[in-house]
Amino acid sequence: MEQTTSIALRLVILLPLLGATILLLAGRRADRWGHLLGTGAALASFVASLSLFIGMLGRAPDARGLHDVVFSWVPVGAFTIDFGLQLDQLSVCFILLITGVGSLIHIYSIGYMSHDPGRRRFFAYLNLFLAAMLLLVLADGFFGLYVGWEGVGLASYLLIGFWQHKPSAATAARKAFVVNRVGDIGLAVGLMIMVAEFGTVSYAGVFAGIPEASTDTLTALGLALLLAACGKSAQVPLQSWLGDAMEGPTPVSALIHAATMVTAGVYLVIRAHPVFEAAPIAQSAVLIVGAVTILFGAIIGCAKDDIKKVLAASTMSQIGYMMLAAGLGPASYPFAIMLLLAHGFFKAGLFLGAGSVMHAMHDEVDMRRYGGLRSAMPVTFATFFLGYLAIIGVPPLAGFFAKDPIIENAFGAPGLTGPIVGGVTLVGAGLTAFYMTRAVLMTFFGKARWAEGVLPHESPRVMTIPMIILALGSIGAGGFLAIGDRLEHWLEPVIGSAHAEHPVPVWVMTSIILAVVAIGVGVAYRQYALREIPQTPPLDVTALTVAARRDLYGDAINEAVFMRPGVALVDGIDRLDRRGIDGAVTAAAAGVGLASGRVRLWQNGFVRSYGLAMFAGTAVILAAMLVTVW
């Protein structure tokens, strides 16, 4: 039984990896069936993940984990790193989400990419991404996680820049790669700290050594891991790549920016929770990053007209909620994971719905040129609308059960932290209701603002069926996980348990949250349903609107603080190298050449010259001796 489980665990990763390998090596011979192989590999991985989950249900809570050492990876004297896989209650949640939602996105992509000449290559990249993400969450230590982490970065680069004939896509892919490399430095430094302090990079070894480590060391380790999490999860200050990444095909946005890659940072923080709990400064930094990103993403989402960029900003903000929950401590860990799982359903559904609209509107992304699509695309509208209700937290959909407890726990934080972060989460909920209502009204309601020659139509079933399944998940996932604290009890053996203080009765807090959401919906309705929607940006906008449309000057700040000083530093080093180091070497060589030229004048080949030189030398020596004697 144990051997069968180990085989299934390995197959979860190997199946999509094998699919990617075959599709990349087979070349154009696989163009006709490559999409079917890629989708089949993802579905087979999901079946293997489901079998592992079912097997875990039949064991006692403390006996559900599985550790499978595949081989010894780095044997260096007494220091060894094994390549191992670890299945527990936390990782199984992720593999079900990654393979389940990933399979639906593969199916959707069959229709969405049907006319793309590079479809086989696209499915190969999707499979590669799944394999890397699965390795990331199933690794039994930080080194294996790091390998999956870098694999995810590579695959996301390939997927975001898939349409490399578009300069904007190539630039976006490069930007995502560079910004993520900045975050990856944090994970690399963290690995160095682990090796130096604990002599191991396995989860068990690092966590066992925490009691003997100094607070300063753990703080440095926690901040390094947080830097890595900010890069992958698009959290401030490494958030600038996410909006540009929408240049990739829409299924990429659904896979990377809804259910998988952007959740990697949350997984890292939750997995390393013993480090953060032992380093209060690092844990407070997680809380601050999450709170800032909630407002950062929500404000940007309120001003974007590109439907995918609205959803991208929303992703940034929702991941901020998860980060904030991770920073609140053990009582909020289960709700961070619950929101992560619910977000995988409703945000993937929203992205696929946006792709369906674009598919019908000749790839138009500007919501000012939509309007009235609910009658032309009833299935897309229904699924998108359910995802909208879920993300703004309308009961009894998933967002209500996942996000409301985070807001309640935020208000229960000690001291002044509670009112501050609680207020941030509450304002974020109102802004979420505003920008999502705005997106729904501009896209599906009002009069048609389509370009001439556009005839909107519903997408084929291969695209709408995954959207329907994700919409059903948006309805039922939250309630299923929340009833009876089901998810909290499931995760308890891995992340522990604690109870948060609620200074305000839960029913009062819920009423306040729903009132704030209703205000956000009402303001958006007044602005975008009762007024004419201009097809060009109005000129009389506030400074905040201008800033939001420019991503709150994230790129400008990066250029001013990092890029330009970096370019100046590199230019200075180049000048020092060329004019200083190279100049000194050139001058030395020239000096030697000049001296040798002068010496060469004495080497003229005449015996009389050599005799004269010898006579002169002898005379000098004799004169020196006479001076010394006298």
# chains A, B, ... in the order shown; residues from 1 in each chain; ligands from 1
>>> closest_atom_pairs(of="segment 186-289 of chain A", to="segment 104-128 of chain A", cutoff="9 Å", atoms="only C-alpha atoms", output="JSON lines")
{"residue": "A:Pro249", "atom": "CA", "partner": "A:Met113", "partner_atom": "CA", "distance": 8.6}
{"residue": "A:Thr250", "atom": "CA", "partner": "A:Tyr112", "partner_atom": "CA", "distance": 8.5}
{"residue": "A:Pro251", "atom": "CA", "partner": "A:Ile105", "partner_atom": "CA", "distance": 6.1}
{"residue": "A:Val252", "atom": "CA", "partner": "A:Leu126", "partner_atom": "CA", "distance": 8.1}
{"residue": "A:Ala254", "atom": "CA", "partner": "A:Ile105", "partner_atom": "CA", "distance": 7.3}
{"residue": "A:Leu255", "atom": "CA", "partner": "A:Ile105", "partner_atom": "CA", "distance": 6.8}
>>> residues_around(residues="Ala60 of chain A", least_positions_apart="6", cutoff="12 Å", atoms="only C-alpha atoms", output="ChimeraX atom specification")
/A:89,490,493
>>> write_last_selection(atoms="N, CA and C atoms", output="PDB file, in the first residue's frame")
ATOM      1  N   GLN A  89      -1.351  17.357   4.825  1.00  0.00           N
ATOM      2  CA  GLN A  89      -2.660  17.997   4.668  1.00  0.00           C
ATOM      3  C   GLN A  89      -2.562  19.339   3.945  1.00  0.00           C
ATOM      4  N   TRP A 490      -8.694  19.918   9.340  1.00  0.00           N
ATOM      5  CA  TRP A 490      -7.880  19.163   8.383  1.00  0.00           C
ATOM      6  C   TRP A 490      -6.419  19.615   8.437  1.00  0.00           C
ATOM      7  N   PRO A 493      -2.894  19.334  12.009  1.00  0.00           N
ATOM      8  CA  PRO A 493      -1.631  18.619  12.262  1.00  0.00           C
ATOM      9  C   PRO A 493      -0.402  19.287  11.636  1.00  0.00           C
TER      10      PRO A 493
END
>>> residues_around(residues="segment 445-451 of chain A", least_positions_apart="4", cutoff="8 Å", atoms="only C-alpha atoms", output="ChimeraX atom specification")
/A:361,368-374,440-441,529
>>> select_by_dssp(residues="segment 80-203 of chain A", states="strand (DSSP E)", output="PDB file with all heavy atoms, in the first residue's frame")
ATOM      1  N   THR A  80      24.305  16.455   3.374  1.00  0.00           N
ATOM      2  CA  THR A  80      23.587  15.797   2.276  1.00  0.00           C
ATOM      3  C   THR A  80      22.230  16.469   2.079  1.00  0.00           C
ATOM      4  O   THR A  80      21.626  16.983   3.029  1.00  0.00           O
ATOM      5  CB  THR A  80      23.358  14.305   2.564  1.00  0.00           C
ATOM      6  OG1 THR A  80      22.578  14.170   3.771  1.00  0.00           O
ATOM      7  CG2 THR A  80      24.669  13.569   2.722  1.00  0.00           C
ATOM      8  N   ILE A  81      21.800  16.471   0.833  1.00  0.00           N
ATOM      9  CA  ILE A  81      20.450  16.930   0.492  1.00  0.00           C
ATOM     10  C   ILE A  81      19.793  15.810  -0.298  1.00  0.00           C
ATOM     11  O   ILE A  81      20.292  15.422  -1.359  1.00  0.00           O
ATOM     12  CB  ILE A  81      20.469  18.224  -0.334  1.00  0.00           C
ATOM     13  CG1 ILE A  81      21.109  19.362   0.457  1.00  0.00           C
ATOM     14  CG2 ILE A  81      19.055  18.609  -0.751  1.00  0.00           C
ATOM     15  CD1 ILE A  81      21.220  20.655  -0.318  1.00  0.00           C
ATOM     16  N   ASP A  82      18.715  15.282   0.229  1.00  0.00           N
ATOM     17  CA  ASP A  82      17.964  14.247  -0.471  1.00  0.00           C
ATOM     18  C   ASP A  82      16.877  14.889  -1.315  1.00  0.00           C
ATOM     19  O   ASP A  82      16.261  15.891  -0.921  1.00  0.00           O
ATOM     20  CB  ASP A  82      17.331  13.275   0.524  1.00  0.00           C
ATOM     21  CG  ASP A  82      18.357  12.450   1.274  1.00  0.00           C
ATOM     22  OD1 ASP A  82      19.416  12.170   0.689  1.00  0.00           O
ATOM     23  OD2 ASP A  82      18.108  12.108   2.447  1.00  0.00           O
ATOM     24  N   PHE A  83      16.655  14.305  -2.491  1.00  0.00           N
ATOM     25  CA  PHE A  83      15.506  14.709  -3.294  1.00  0.00           C
ATOM     26  C   PHE A  83      14.323  13.893  -2.795  1.00  0.00           C
ATOM     27  O   PHE A  83      14.229  12.694  -3.053  1.00  0.00           O
ATOM     28  CB  PHE A  83      15.743  14.454  -4.779  1.00  0.00           C
ATOM     29  CG  PHE A  83      14.571  14.853  -5.643  1.00  0.00           C
ATOM     30  CD1 PHE A  83      14.431  16.160  -6.063  1.00  0.00           C
ATOM     31  CD2 PHE A  83      13.616  13.932  -6.012  1.00  0.00           C
ATOM     32  CE1 PHE A  83      13.346  16.535  -6.849  1.00  0.00           C
ATOM     33  CE2 PHE A  83      12.535  14.292  -6.802  1.00  0.00           C
ATOM     34  CZ  PHE A  83      12.398  15.607  -7.222  1.00  0.00           C
ATOM     35  N   GLY A  84      13.464  14.549  -2.053  1.00  0.00           N
ATOM     36  CA  GLY A  84      12.332  13.846  -1.469  1.00  0.00           C
ATOM     37  C   GLY A  84      11.036  14.592  -1.687  1.00  0.00           C
ATOM     38  O   GLY A  84      11.017  15.805  -1.956  1.00  0.00           O
ATOM     39  N   LEU A  85       9.951  13.863  -1.586  1.00  0.00           N
ATOM     40  CA  LEU A  85       8.610  14.427  -1.719  1.00  0.00           C
ATOM     41  C   LEU A  85       7.870  14.253  -0.399  1.00  0.00           C
ATOM     42  O   LEU A  85       8.038  13.239   0.287  1.00  0.00           O
ATOM     43  CB  LEU A  85       7.842  13.738  -2.850  1.00  0.00           C
ATOM     44  CG  LEU A  85       8.511  13.760  -4.230  1.00  0.00           C
ATOM     45  CD1 LEU A  85       7.670  12.985  -5.241  1.00  0.00           C
ATOM     46  CD2 LEU A  85       8.733  15.189  -4.709  1.00  0.00           C
ATOM     47  N   GLN A  86       7.074  15.218  -0.067  1.00  0.00           N
ATOM     48  CA  GLN A  86       6.339  15.195   1.191  1.00  0.00           C
ATOM     49  C   GLN A  86       4.874  15.508   0.932  1.00  0.00           C
ATOM     50  O   GLN A  86       4.540  16.585   0.450  1.00  0.00           O
ATOM     51  CB  GLN A  86       6.930  16.212   2.168  1.00  0.00           C
ATOM     52  CG  GLN A  86       6.170  16.328   3.477  1.00  0.00           C
ATOM     53  CD  GLN A  86       6.842  17.286   4.436  1.00  0.00           C
ATOM     54  OE1 GLN A  86       8.013  17.119   4.761  1.00  0.00           O
ATOM     55  NE2 GLN A  86       6.118  18.303   4.881  1.00  0.00           N
ATOM     56  N   LEU A  87       4.021  14.567   1.271  1.00  0.00           N
ATOM     57  CA  LEU A  87       2.580  14.765   1.148  1.00  0.00           C
ATOM     58  C   LEU A  87       1.997  14.919   2.543  1.00  0.00           C
ATOM     59  O   LEU A  87       2.197  14.068   3.402  1.00  0.00           O
ATOM     60  CB  LEU A  87       1.932  13.571   0.438  1.00  0.00           C
ATOM     61  CG  LEU A  87       0.416  13.672   0.230  1.00  0.00           C
ATOM     62  CD1 LEU A  87       0.092  14.699  -0.849  1.00  0.00           C
ATOM     63  CD2 LEU A  87      -0.176  12.307  -0.150  1.00  0.00           C
TER      64      LEU A  87
END
>>> residues_around(residues="Ser51 of chain A", least_positions_apart="2", cutoff="12 Å", atoms="only C-alpha atoms", output="list in words")
Thr4, Thr5, Ser6, Ile7, Ala8, Leu9, Leu11, Val12, Ala44, Ser45, Phe46, Val47, Ala48, Ser49, Phe53, Ile54, Gly55, Met56, Leu57, Gly58, Val92, Ile95 and Leu96 of chain A
>>> select_by_dssp(residues="segment 180-384 of chain A", states="alpha helix (DSSP H)", output="PyMOL selection string")
chain A and resi 180-198+203-209+215-232+241-244+250-254+264-271+273-277+280-301+307-328+333-360+378-384
>>> closest_atom_pairs(of="segment 321-403 of chain A", to="segment 217-230 of chain A", cutoff="12 Å", atoms="only C-alpha atoms", output="tab-separated table")
residue	atom	partner	partner_atom	distance
A:Met322	CA	A:Ala229	CA	11.7
A:Met323	CA	A:Ala229	CA	9.3
A:Ala326	CA	A:Leu226	CA	11.2
A:Gly327	CA	A:Leu226	CA	10.7
>>> write_last_selection(atoms="C-alpha atoms", output="compact mmCIF listing (two decimals), in the first residue's frame")
# COMPACT_ATOMS: atom_id res chain seq x y z
CA MET A 322 -3.90 35.97 2.24
CA MET A 323 -0.56 37.50 3.20
CA ALA A 326 -0.52 34.72 7.34
CA GLY A 327 0.92 37.68 9.24
